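**Student:** Structure file model_9.pdb, PDB, C-alpha atoms, pLDDT in the B column, is pasted below:
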```
MODEL        1
ATOM      1  CA  LEU E  27       8.057  20.121  11.437  1.00 50.00           C
ATOM      2  CA  HIS E  28       6.046  19.307   8.343  1.00 53.00           C
ATOM      3  CA  MET E  29       9.254  19.052   6.410  1.00 58.00           C
ATOM      4  CA  ASP E  30      10.210  16.001   8.418  1.00 85.00           C
ATOM      5  CA  LEU E  31       7.332  14.029   6.936  1.00 93.00           C
ATOM      6  CA  LYS E  32       8.162  11.925   3.891  1.00 92.00           C
ATOM      7  CA  PHE E  33       5.700  13.234   1.361  1.00 91.00           C
ATOM      8  CA  GLY E  34       7.981  12.206  -1.501  1.00 84.00           C
ATOM      9  CA  LYS E  35       7.340   8.457  -1.381  1.00 83.00           C
ATOM     10  CA  GLN E  36       3.891   8.696  -2.916  1.00 84.00           C
ATOM     11  CA  ASP E  37       3.530  11.680  -5.223  1.00 85.00           C
ATOM     12  CA  GLY E  38       3.463  14.197  -2.410  1.00 93.00           C
ATOM     13  CA  LEU E  39       0.865  12.331  -0.371  1.00 94.00           C
ATOM     14  CA  ILE E  40       0.915  10.444   2.900  1.00 95.00           C
ATOM     15  CA  ALA E  41      -1.785   8.179   4.291  1.00 97.00           C
ATOM     16  CA  ALA E  42      -3.789   9.567   7.200  1.00 98.00           C
ATOM     17  CA  VAL E  43      -5.613   7.040   9.354  1.00 98.00           C
ATOM     18  CA  VAL E  44      -8.580   8.627  11.100  1.00 98.00           C
ATOM     19  CA  GLN E  45      -9.493   7.162  14.476  1.00 98.00           C
ATOM     20  CA  ASP E  46     -12.281   8.150  16.861  1.00 98.00           C
ATOM     21  CA  TYR E  47     -10.514   9.479  19.951  1.00 98.00           C
ATOM     22  CA  THR E  48     -13.026   8.054  22.408  1.00 97.00           C
ATOM     23  CA  SER E  49     -14.124   4.730  20.882  1.00 97.00           C
ATOM     24  CA  ASN E  50     -10.787   4.126  19.103  1.00 98.00           C
ATOM     25  CA  ARG E  51     -12.710   2.899  16.074  1.00 98.00           C
ATOM     26  CA  VAL E  52     -10.874   3.441  12.789  1.00 98.00           C
ATOM     27  CA  LEU E  53     -13.228   5.593  10.745  1.00 98.00           C
ATOM     28  CA  MET E  54     -11.507   6.105   7.413  1.00 98.00           C
ATOM     29  CA  VAL E  55      -8.218   6.434   5.582  1.00 98.00           C
ATOM     30  CA  GLY E  56      -7.487   9.568   3.588  1.00 97.00           C
ATOM     31  CA  TYR E  57      -4.436  11.163   2.043  1.00 96.00           C
ATOM     32  CA  MET E  58      -2.810  14.475   2.870  1.00 97.00           C
ATOM     33  CA  ASN E  59      -0.319  16.611   1.016  1.00 96.00           C
ATOM     34  CA  GLN E  60       1.594  19.403   2.726  1.00 95.00           C
ATOM     35  CA  GLU E  61      -1.186  21.888   2.053  1.00 96.00           C
ATOM     36  CA  ALA E  62      -3.890  19.604   3.467  1.00 97.00           C
ATOM     37  CA  LEU E  63      -1.823  19.064   6.602  1.00 96.00           C
ATOM     38  CA  ASP E  64      -1.237  22.784   7.016  1.00 95.00           C
ATOM     39  CA  LYS E  65      -4.950  23.493   6.652  1.00 97.00           C
ATOM     40  CA  THR E  66      -5.841  20.734   9.119  1.00 97.00           C
ATOM     41  CA  LEU E  67      -3.492  22.184  11.722  1.00 96.00           C
ATOM     42  CA  ALA E  68      -4.563  25.780  11.086  1.00 96.00           C
ATOM     43  CA  THR E  69      -8.319  25.118  11.237  1.00 97.00           C
ATOM     44  CA  GLY E  70      -8.573  22.099  13.533  1.00 98.00           C
ATOM     45  CA  LEU E  71     -10.796  20.440  10.916  1.00 98.00           C
ATOM     46  CA  VAL E  72      -9.339  17.444   9.131  1.00 98.00           C
ATOM     47  CA  THR E  73      -8.627  18.207   5.475  1.00 98.00           C
ATOM     48  CA  PHE E  74      -7.463  15.716   2.881  1.00 98.00           C
ATOM     49  CA  TYR E  75      -6.202  15.799  -0.660  1.00 97.00           C
ATOM     50  CA  SER E  76      -8.751  13.947  -2.770  1.00 94.00           C
ATOM     51  CA  ARG E  77      -6.937  11.659  -5.185  1.00 88.00           C
ATOM     52  CA  SER E  78     -10.001  11.309  -7.404  1.00 87.00           C
ATOM     53  CA  ARG E  79     -10.958  14.995  -7.511  1.00 92.00           C
ATOM     54  CA  GLN E  80      -7.341  16.208  -7.284  1.00 93.00           C
ATOM     55  CA  LYS E  81      -8.057  18.983  -4.831  1.00 97.00           C
ATOM     56  CA  LEU E  82      -8.224  19.723  -1.120  1.00 97.00           C
ATOM     57  CA  TRP E  83     -11.266  18.364   0.628  1.00 96.00           C
ATOM     58  CA  THR E  84     -12.291  19.288   4.151  1.00 97.00           C
ATOM     59  CA  LYS E  85     -14.323  16.389   5.495  1.00 96.00           C
ATOM     60  CA  GLY E  86     -17.834  17.648   6.167  1.00 94.00           C
ATOM     61  CA  GLU E  87     -17.786  20.507   3.668  1.00 93.00           C
ATOM     62  CA  SER E  88     -20.878  18.961   2.020  1.00 87.00           C
ATOM     63  CA  SER E  89     -22.421  17.064   4.913  1.00 87.00           C
ATOM     64  CA  GLY E  90     -21.493  19.223   7.884  1.00 90.00           C
ATOM     65  CA  ASN E  91     -20.052  16.083   9.449  1.00 92.00           C
ATOM     66  CA  HIS E  92     -16.626  17.515  10.178  1.00 97.00           C
ATOM     67  CA  LEU E  93     -13.751  15.730  11.852  1.00 98.00           C
ATOM     68  CA  LYS E  94     -12.389  17.828  14.712  1.00 98.00           C
ATOM     69  CA  LEU E  95      -8.681  17.247  15.262  1.00 98.00           C
ATOM     70  CA  LYS E  96      -7.872  15.988  18.749  1.00 98.00           C
ATOM     71  CA  GLU E  97      -4.417  14.460  18.399  1.00 98.00           C
ATOM     72  CA  MET E  98      -1.936  13.608  15.656  1.00 98.00           C
ATOM     73  CA  SER E  99       0.882  11.072  15.572  1.00 98.00           C
ATOM     74  CA  THR E 100       3.358   9.980  12.949  1.00 97.00           C
ATOM     75  CA  ASP E 101       5.058   6.638  12.475  1.00 97.00           C
ATOM     76  CA  CYS E 102       8.655   5.465  12.564  1.00 95.00           C
ATOM     77  CA  ASP E 103       9.178   6.126   8.859  1.00 93.00           C
ATOM     78  CA  MET E 104       7.350   9.456   9.058  1.00 95.00           C
ATOM     79  CA  ASP E 105       5.322   8.500   6.005  1.00 94.00           C
ATOM     80  CA  ALA E 106       1.923   8.010   7.653  1.00 97.00           C
ATOM     81  CA  LEU E 107      -0.263   9.929  10.080  1.00 98.00           C
ATOM     82  CA  LEU E 108      -2.622   8.760  12.784  1.00 98.00           C
ATOM     83  CA  VAL E 109      -5.266  11.416  13.309  1.00 98.00           C
ATOM     84  CA  LYS E 110      -7.506  11.120  16.361  1.00 98.00           C
ATOM     85  CA  VAL E 111     -10.743  13.022  15.973  1.00 98.00           C
ATOM     86  CA  GLU E 112     -14.104  13.893  17.327  1.00 98.00           C
ATOM     87  CA  ALA E 113     -16.449  12.962  14.488  1.00 97.00           C
ATOM     88  CA  VAL E 114     -19.391  15.352  14.201  1.00 96.00           C
ATOM     89  CA  GLY E 115     -22.658  13.712  13.183  1.00 94.00           C
ATOM     90  CA  PRO E 116     -23.920  10.136  13.026  1.00 93.00           C
ATOM     91  CA  GLY E 117     -21.379   8.771  10.595  1.00 95.00           C
ATOM     92  CA  VAL E 118     -18.211   9.489   8.665  1.00 96.00           C
ATOM     93  CA  CYS E 119     -18.909   7.389   5.576  1.00 95.00           C
ATOM     94  CA  HIS E 120     -20.753   8.929   2.652  1.00 92.00           C
ATOM     95  CA  ASP E 121     -22.518   5.578   2.241  1.00 94.00           C
ATOM     96  CA  GLY E 122     -24.312   6.230   5.548  1.00 95.00           C
ATOM     97  CA  TYR E 123     -22.213   4.261   7.976  1.00 96.00           C
ATOM     98  CA  GLU E 124     -20.436   5.264  11.169  1.00 97.00           C
ATOM     99  CA  SER E 125     -17.135   4.084   9.709  1.00 98.00           C
ATOM    100  CA  CYS E 126     -16.030   3.594   6.119  1.00 98.00           C
ATOM    101  CA  PHE E 127     -14.863   0.132   7.212  1.00 98.00           C
ATOM    102  CA  TYR E 128     -18.354  -1.343   7.347  1.00 97.00           C
ATOM    103  CA  ARG E 129     -17.601  -4.470   5.302  1.00 96.00           C
ATOM    104  CA  ARG E 130     -15.924  -7.397   6.982  1.00 96.00           C
ATOM    105  CA  LEU E 131     -14.401 -10.424   5.378  1.00 95.00           C
ATOM    106  CA  GLU E 132     -16.387 -13.552   6.198  1.00 93.00           C
ATOM    107  CA  GLY E 133     -15.020 -16.642   4.480  1.00 89.00           C
ATOM    108  CA  ASP E 134     -14.312 -15.288   1.015  1.00 86.00           C
ATOM    109  CA  THR E 135     -17.014 -12.626   0.942  1.00 91.00           C
ATOM    110  CA  TRP E 136     -17.175  -8.984   2.034  1.00 93.00           C
ATOM    111  CA  VAL E 137     -20.253  -8.669   4.250  1.00 94.00           C
ATOM    112  CA  GLU E 138     -21.838  -5.486   5.596  1.00 94.00           C
ATOM    113  CA  SER E 139     -21.240  -5.915   9.286  1.00 93.00           C
ATOM    114  CA  GLU E 140     -23.406  -3.127  10.717  1.00 94.00           C
ATOM    115  CA  PRO E 141     -26.567  -1.156   9.931  1.00 95.00           C
ATOM    116  CA  ARG E 142     -26.489   2.287   8.350  1.00 96.00           C
ATOM    117  CA  ALA E 143     -26.228   5.141  10.869  1.00 95.00           C
ATOM    118  CA  TYR E 144     -28.035   7.666   8.669  1.00 94.00           C
ATOM    119  CA  ASP E 145     -29.656   8.092   5.264  1.00 93.00           C
ATOM    120  CA  PRO E 146     -26.949   9.332   2.893  1.00 91.00           C
ATOM    121  CA  ASP E 147     -29.485  10.639   0.353  1.00 90.00           C
ATOM    122  CA  ALA E 148     -30.917  12.976   2.980  1.00 88.00           C
ATOM    123  CA  VAL E 149     -27.469  14.347   3.794  1.00 84.00           C
ATOM    124  CA  TYR E 150     -25.726  14.382   0.443  1.00 80.00           C
ATOM    125  CA  GLY E 151     -28.834  14.821  -1.747  1.00 74.00           C
ATOM    126  CA  GLY E 152     -27.720  12.264  -4.257  1.00 56.00           C
ATOM    127  CA  LYS E 153     -24.362  13.889  -4.882  1.00 53.00           C
ATOM    128  CA  ALA E 154     -22.663  11.403  -2.556  1.00 46.00           C
TER     129      ALA E 154
ATOM    130  CA  LEU I   8     -13.349 -11.448  -3.660  1.00 50.00           C
ATOM    131  CA  HIS I   9      -9.856  -9.999  -3.912  1.00 53.00           C
ATOM    132  CA  MET I  10     -10.722  -8.789  -7.364  1.00 58.00           C
ATOM    133  CA  ASP I  11     -13.222  -6.372  -5.882  1.00 85.00           C
ATOM    134  CA  LEU I  12     -10.437  -4.434  -4.185  1.00 93.00           C
ATOM    135  CA  LYS I  13      -9.132  -1.424  -6.089  1.00 92.00           C
ATOM    136  CA  PHE I  14      -5.451  -2.201  -6.354  1.00 92.00           C
ATOM    137  CA  GLY I  15      -5.147  -0.056  -9.457  1.00 85.00           C
ATOM    138  CA  LYS I  16      -5.282   3.362  -7.785  1.00 83.00           C
ATOM    139  CA  GLN I  17      -1.766   3.149  -6.400  1.00 83.00           C
ATOM    140  CA  ASP I  18       0.513   0.987  -8.526  1.00 85.00           C
ATOM    141  CA  GLY I  19      -1.085  -2.266  -7.441  1.00 93.00           C
ATOM    142  CA  LEU I  20      -0.999  -1.463  -3.733  1.00 94.00           C
ATOM    143  CA  ILE I  21      -3.591  -0.667  -1.107  1.00 95.00           C
ATOM    144  CA  ALA I  22      -3.011   0.690   2.370  1.00 97.00           C
ATOM    145  CA  ALA I  23      -3.501  -1.766   5.222  1.00 98.00           C
ATOM    146  CA  VAL I  24      -4.100  -0.274   8.668  1.00 98.00           C
ATOM    147  CA  VAL I  25      -3.065  -2.688  11.395  1.00 98.00           C
ATOM    148  CA  GLN I  26      -5.029  -2.450  14.639  1.00 98.00           C
ATOM    149  CA  ASP I  27      -4.678  -4.474  17.831  1.00 98.00           C
ATOM    150  CA  TYR I  28      -7.907  -6.442  18.122  1.00 98.00           C
ATOM    151  CA  THR I  29      -8.099  -6.151  21.900  1.00 97.00           C
ATOM    152  CA  SER I  30      -6.709  -2.698  22.729  1.00 97.00           C
ATOM    153  CA  ASN I  31      -7.822  -1.148  19.415  1.00 98.00           C
ATOM    154  CA  ARG I  32      -4.498   0.658  19.227  1.00 98.00           C
ATOM    155  CA  VAL I  33      -3.359   1.392  15.672  1.00 98.00           C
ATOM    156  CA  LEU I  34       0.003  -0.324  15.391  1.00 98.00           C
ATOM    157  CA  MET I  35       1.221   0.438  11.876  1.00 98.00           C
ATOM    158  CA  VAL I  36       0.296   1.098   8.283  1.00 98.00           C
ATOM    159  CA  GLY I  37       1.607  -1.160   5.552  1.00 97.00           C
ATOM    160  CA  TYR I  38       0.809  -1.802   1.910  1.00 96.00           C
ATOM    161  CA  MET I  39      -0.468  -4.973   0.282  1.00 97.00           C
ATOM    162  CA  ASN I  40      -0.597  -6.086  -3.299  1.00 96.00           C
ATOM    163  CA  GLN I  41      -2.770  -8.990  -4.410  1.00 95.00           C
ATOM    164  CA  GLU I  42      -0.032 -11.496  -3.621  1.00 96.00           C
ATOM    165  CA  ALA I  43       0.531 -10.124  -0.112  1.00 97.00           C
ATOM    166  CA  LEU I  44      -3.192 -10.286   0.576  1.00 96.00           C
ATOM    167  CA  ASP I  45      -3.403 -13.856  -0.703  1.00 95.00           C
ATOM    168  CA  LYS I  46      -0.479 -14.891   1.473  1.00 97.00           C
ATOM    169  CA  THR I  47      -1.971 -13.145   4.515  1.00 97.00           C
ATOM    170  CA  LEU I  48      -5.255 -15.003   4.078  1.00 96.00           C
ATOM    171  CA  ALA I  49      -3.582 -18.330   3.322  1.00 96.00           C
ATOM    172  CA  THR I  50      -1.192 -18.263   6.281  1.00 97.00           C
ATOM    173  CA  GLY I  51      -3.034 -16.145   8.849  1.00 98.00           C
ATOM    174  CA  LEU I  52       0.150 -14.082   9.271  1.00 98.00           C
ATOM    175  CA  VAL I  53       0.006 -10.517   8.005  1.00 98.00           C
ATOM    176  CA  THR I  54       2.203 -10.032   4.948  1.00 98.00           C
ATOM    177  CA  PHE I  55       2.914  -6.729   3.225  1.00 98.00           C
ATOM    178  CA  TYR I  56       4.550  -5.580   0.055  1.00 97.00           C
ATOM    179  CA  SER I  57       7.578  -3.516   1.069  1.00 94.00           C
ATOM    180  CA  ARG I  58       7.720  -0.392  -1.081  1.00 88.00           C
ATOM    181  CA  SER I  59      11.378   0.219  -0.217  1.00 87.00           C
ATOM    182  CA  ARG I  60      12.590  -3.358  -0.709  1.00 92.00           C
ATOM    183  CA  GLN I  61      10.080  -4.099  -3.499  1.00 93.00           C
ATOM    184  CA  LYS I  62       9.216  -7.563  -2.259  1.00 96.00           C
ATOM    185  CA  LEU I  63       6.806  -9.407   0.001  1.00 97.00           C
ATOM    186  CA  TRP I  64       7.492  -9.058   3.672  1.00 96.00           C
ATOM    187  CA  THR I  65       5.828 -11.138   6.371  1.00 97.00           C
ATOM    188  CA  LYS I  66       5.891  -9.062   9.558  1.00 96.00           C
ATOM    189  CA  GLY I  67       8.005 -10.924  12.083  1.00 94.00           C
ATOM    190  CA  GLU I  68      10.128 -12.852   9.600  1.00 93.00           C
ATOM    191  CA  SER I  69      13.238 -11.308  11.212  1.00 87.00           C
ATOM    192  CA  SER I  70      12.007 -10.594  14.733  1.00 87.00           C
ATOM    193  CA  GLY I  71       9.533 -13.418  15.287  1.00 90.00           C
ATOM    194  CA  ASN I  72       7.016 -10.733  16.224  1.00 92.00           C
ATOM    195  CA  HIS I  73       4.305 -11.856  13.828  1.00 97.00           C
ATOM    196  CA  LEU I  74       0.897 -10.301  13.389  1.00 98.00           C
ATOM    197  CA  LYS I  75      -1.797 -12.969  13.604  1.00 98.00           C
ATOM    198  CA  LEU I  76      -4.814 -12.093  11.490  1.00 98.00           C
ATOM    199  CA  LYS I  77      -8.023 -11.846  13.524  1.00 98.00           C
ATOM    200  CA  GLU I  78     -10.381  -9.855  11.318  1.00 98.00           C
ATOM    201  CA  MET I  79     -10.251  -7.911   8.057  1.00 98.00           C
ATOM    202  CA  SER I  80     -12.482  -5.107   6.787  1.00 98.00           C
ATOM    203  CA  THR I  81     -12.484  -2.950   3.696  1.00 97.00           C
ATOM    204  CA  ASP I  82     -13.757   0.554   3.201  1.00 97.00           C
ATOM    205  CA  CYS I  83     -16.467   2.121   1.067  1.00 95.00           C
ATOM    206  CA  ASP I  84     -14.117   2.681  -1.874  1.00 93.00           C
ATOM    207  CA  MET I  85     -12.550  -0.754  -1.442  1.00 95.00           C
ATOM    208  CA  ASP I  86      -9.110   0.815  -1.667  1.00 94.00           C
ATOM    209  CA  ALA I  87      -7.996   0.321   1.930  1.00 97.00           C
ATOM    210  CA  LEU I  88      -7.941  -2.520   4.441  1.00 98.00           C
ATOM    211  CA  LEU I  89      -8.370  -2.543   8.196  1.00 98.00           C
ATOM    212  CA  VAL I  90      -6.564  -5.561   9.603  1.00 98.00           C
ATOM    213  CA  LYS I  91      -7.214  -6.502  13.206  1.00 98.00           C
ATOM    214  CA  VAL I  92      -4.462  -8.600  14.684  1.00 98.00           C
ATOM    215  CA  GLU I  93      -2.971 -10.273  17.675  1.00 98.00           C
ATOM    216  CA  ALA I  94       0.528  -8.844  17.821  1.00 97.00           C
ATOM    217  CA  VAL I  95       3.096 -11.385  19.010  1.00 96.00           C
ATOM    218  CA  GLY I  96       5.853  -9.945  21.190  1.00 94.00           C
ATOM    219  CA  PRO I  97       6.374  -6.689  23.047  1.00 93.00           C
ATOM    220  CA  GLY I  98       6.160  -4.326  20.109  1.00 95.00           C
ATOM    221  CA  VAL I  99       5.436  -4.019  16.427  1.00 95.00           C
ATOM    222  CA  CYS I 100       7.825  -1.210  15.584  1.00 95.00           C
ATOM    223  CA  HIS I 101      11.386  -2.025  14.577  1.00 92.00           C
ATOM    224  CA  ASP I 102      12.453   1.041  16.570  1.00 94.00           C
ATOM    225  CA  GLY I 103      11.445  -0.786  19.750  1.00 95.00           C
ATOM    226  CA  TYR I 104       7.999   0.607  20.424  1.00 96.00           C
ATOM    227  CA  GLU I 105       4.639  -1.090  20.873  1.00 97.00           C
ATOM    228  CA  SER I 106       3.231   0.895  17.943  1.00 98.00           C
ATOM    229  CA  CYS I 107       4.957   2.598  15.040  1.00 98.00           C
ATOM    230  CA  PHE I 108       2.922   5.695  15.948  1.00 98.00           C
ATOM    231  CA  TYR I 109       5.046   6.590  18.952  1.00 97.00           C
ATOM    232  CA  ARG I 110       5.578  10.257  18.073  1.00 96.00           C
ATOM    233  CA  ARG I 111       2.822  12.724  18.833  1.00 96.00           C
ATOM    234  CA  LEU I 112       2.517  16.267  17.650  1.00 95.00           C
ATOM    235  CA  GLU I 113       2.896  18.737  20.533  1.00 93.00           C
ATOM    236  CA  GLY I 114       2.777  22.324  19.395  1.00 89.00           C
ATOM    237  CA  ASP I 115       4.901  22.193  16.283  1.00 86.00           C
ATOM    238  CA  THR I 116       7.183  19.350  17.345  1.00 91.00           C
ATOM    239  CA  TRP I 117       6.992  15.571  17.053  1.00 94.00           C
ATOM    240  CA  VAL I 118       7.591  14.181  20.547  1.00 94.00           C
ATOM    241  CA  GLU I 119       8.158  10.570  21.569  1.00 94.00           C
ATOM    242  CA  SER I 120       5.059   9.923  23.623  1.00 93.00           C
ATOM    243  CA  GLU I 121       5.902   6.579  25.209  1.00 94.00           C
ATOM    244  CA  PRO I 122       8.902   4.545  26.382  1.00 95.00           C
ATOM    245  CA  ARG I 123      10.415   1.782  24.285  1.00 96.00           C
ATOM    246  CA  ALA I 124       8.833  -1.632  24.816  1.00 95.00           C
ATOM    247  CA  TYR I 125      11.976  -3.579  23.943  1.00 94.00           C
ATOM    248  CA  ASP I 126      15.574  -3.170  22.800  1.00 93.00           C
ATOM    249  CA  PRO I 127      15.543  -3.267  18.996  1.00 91.00           C
ATOM    250  CA  ASP I 128      19.270  -4.085  18.785  1.00 90.00           C
ATOM    251  CA  ALA I 129      18.696  -7.264  20.750  1.00 88.00           C
ATOM    252  CA  VAL I 130      15.909  -8.347  18.404  1.00 84.00           C
ATOM    253  CA  TYR I 131      17.087  -7.133  15.036  1.00 80.00           C
ATOM    254  CA  GLY I 132      20.834  -7.251  15.746  1.00 74.00           C
ATOM    255  CA  GLY I 133      21.507  -3.927  14.141  1.00 56.00           C
ATOM    256  CA  LYS I 134      19.857  -4.799  10.830  1.00 53.00           C
ATOM    257  CA  ALA I 135      16.705  -2.909  11.863  1.00 46.00           C
TER     258      ALA I 135
ENDMDL
END
```
Would you kindly transcribe this structure into structure tokens?

**Tutor:**
Amino acid sequence: LHMDLKFGKQDGLIAAVVQDYTSNRVLMVGYMNQEALDKTLATGLVTFYSRSRQKLWTKGESSGNHLKLKEMSTDCDMDALLVKVEAVGPGVCHDGYESCFYRRLEGDTWVESEPRAYDPDAVYGGKA
Amino acid sequence: LHMDLKFGKQDGLIAAVVQDYTSNRVLMVGYMNQEALDKTLATGLVTFYSRSRQKLWTKGESSGNHLKLKEMSTDCDMDALLVKVEAVGPGVCHDGYESCFYRRLEGDTWVESEPRAYDPDAVYGGKA
């Protein structure tokens, strides 16, 4: 089935939208290549391809805050994934927030729209 | 503020996750460049940059099924947008479904997980 996905449009990567399966909050957007998808399906723990570090990255490998796969959908063009998860821990974002989307546009300014859920220094020890 | 967004990581584009602001369903993923974002904010109607057609594309310009901007957030890396919308019409997907994410992974097969919300031929007249 993986072959049906259109990895070719973007250098072998497709966008993966991560959504909390109970609250339906969108937690983050990552990118997967074929290998990341295979590992996600084999382990049940969401794994991305890090564009900045150019390697596979299982969410929570540093923090312990894994994303447990609950459900996966693809879109009409088969070039994006919607990944519903159970998010382990107080927050997904390495900045300490429940969701990476913690800044909302108000007028013409991005404003932090919620308090931190945890202290990122305590979890990531400064290596963010 | 637009300048803060990291358009440079992906050829001038950032992913824009479109979410229904009442149901919280993820409806689609599109891409915006600076111009698409400016037009979205100026008009209140969500506008993407079409990677296949290589031009701006206001959702609903063919179908009338616009996406009215309700709220916009950005993520920790400022390289993705979460766009909450009021979706006009019965469905966002040009295949006739409420959401573009109408295929769910069951075992190793993508399965249509919901009925069509409208007849796409009647809306798009075969030009999809």

**Student:** So which residues get picked by the PyMOL selection byres ((chain I and resi 24) around 6) here, written as a short mmCIF file (atom, residue, chain, number, x, y, z; two decimals) with C-alpha atoms, in the frame of the given file?

**Tutor:**
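And here is the file that came out, part.cif:
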```cif
data_model
loop_
_atom_site.label_atom_id
_atom_site.label_comp_id
_atom_site.auth_asym_id
_atom_site.auth_seq_id
_atom_site.Cartn_x
_atom_site.Cartn_y
_atom_site.Cartn_z
CA ALA I 23 -3.50 -1.77 5.22
CA VAL I 25 -3.06 -2.69 11.40
CA VAL I 36 0.30 1.10 8.28
CA LEU I 89 -8.37 -2.54 8.20
CA VAL I 90 -6.56 -5.56 9.60
#
```

**Student:** Taking the file as I've supplied it (selection: the PyMOL selection byres ((chain I) within 8 of (chain E))), which residues are included? Please answer as number ranges by chain.

**Tutor:** I: 8, 22, 24, 31-33, 35-36, 78-83, 87-89, 100, 102, 107-112, 115-117

**Student:** Please, what distance in Å, to one decimal, runs between CA of Gln61 in chain I and CA of Ile40 in chain E?

**Tutor:** 18.3 Å

**Student:** From the list E:Leu95, E:Lys32, E:Glu140, E:Thr48, which residue is nearest Ala68 in chain E when using all atoms listed in the file?

**Tutor:**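 With all atoms listed in the file as the atom set, the closest residue is E:Leu95.
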
**Student:** For the provided coordinates, the residues matched by the PyMOL selection byres ((chain I and resi 129) around 12) should be stated as a ChimeraX atom specification.

**Tutor:** /I:69-70,101-103,125-128,130-135

**Student:** When you draw a straight line from CA of Leu63 in chain I to CA of Asn59 in chain E, how long is it in Å?

**Tutor:**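 Going from CA of Leu63 in chain I over to CA of Asn59 in chain E covers 27.0 Å.
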
**Student:** Please, what distance in Å, to one decimal, runs between CA of Asp27 in chain I and CA of Thr47 in chain I?

**Tutor:**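 Distance reported for this atom pair: 16.1 Å.
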
**Student:** Which neighbours of Lys65 in chain E fall inside 12 Å, counting all atoms listed in the file, when residues of the same chain fewer than 5 positions from it are skipped, and could you give them as a list in words?

**Tutor:**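 Near Lys65 in chain E, the qualifying residues are His28, Met58, Asn59, Gln60, Gly70, Leu71, Val72, Thr73, Phe74, Tyr75, Leu82, Trp83, Thr84, Lys85 and Leu95 of chain E.
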
**Student:** Using all atoms listed in the file, list the residues that have an atom at most 7 Å from (-7.3, -11.7, 14.9), coordinates as in the file, as JSON, numbers by chain.

**Tutor:** {"I": [28, 75, 76, 77, 78, 91, 92, 93]}

**Student:** Save range 76-100 of chain I from what I just supplied, as a PDB file, in the first residue's frame, atoms limited to C-alpha atoms.

**Tutor:**
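Just written: out.pdb:
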```
ATOM      1  CA  LEU I  76     -10.755  32.089   7.617  1.00  0.00           C
ATOM      2  CA  LYS I  77     -11.631  31.959  11.320  1.00  0.00           C
ATOM      3  CA  GLU I  78      -8.281  31.611  13.065  1.00  0.00           C
ATOM      4  CA  MET I  79      -4.642  31.043  12.132  1.00  0.00           C
ATOM      5  CA  SER I  80      -1.787  29.592  14.179  1.00  0.00           C
ATOM      6  CA  THR I  81       1.827  28.805  13.454  1.00  0.00           C
ATOM      7  CA  ASP I  82       4.076  26.194  14.960  1.00  0.00           C
ATOM      8  CA  CYS I  83       7.267  26.290  16.999  1.00  0.00           C
ATOM      9  CA  ASP I  84       9.489  26.258  13.909  1.00  0.00           C
ATOM     10  CA  MET I  85       7.253  28.755  12.118  1.00  0.00           C
ATOM     11  CA  ASP I  86       7.282  26.538   9.046  1.00  0.00           C
ATOM     12  CA  ALA I  87       3.671  25.363   9.128  1.00  0.00           C
ATOM     13  CA  LEU I  88       0.253  26.959   9.518  1.00  0.00           C
ATOM     14  CA  LEU I  89      -2.914  25.710  11.157  1.00  0.00           C
ATOM     15  CA  VAL I  90      -5.877  27.413   9.522  1.00  0.00           C
ATOM     16  CA  LYS I  91      -9.254  27.096  11.192  1.00  0.00           C
ATOM     17  CA  VAL I  92     -12.113  27.704   8.824  1.00  0.00           C
ATOM     18  CA  GLU I  93     -15.798  27.706   8.192  1.00  0.00           C
ATOM     19  CA  ALA I  94     -16.166  25.462   5.169  1.00  0.00           C
ATOM     20  CA  VAL I  95     -18.920  26.621   2.817  1.00  0.00           C
ATOM     21  CA  GLY I  96     -20.870  23.813   1.160  1.00  0.00           C
ATOM     22  CA  PRO I  97     -21.210  20.087   1.735  1.00  0.00           C
ATOM     23  CA  GLY I  98     -17.588  19.117   1.286  1.00  0.00           C
ATOM     24  CA  VAL I  99     -14.079  20.387   0.787  1.00  0.00           C
ATOM     25  CA  CYS I 100     -12.723  17.566  -1.337  1.00  0.00           C
TER      26      CYS I 100
END
```
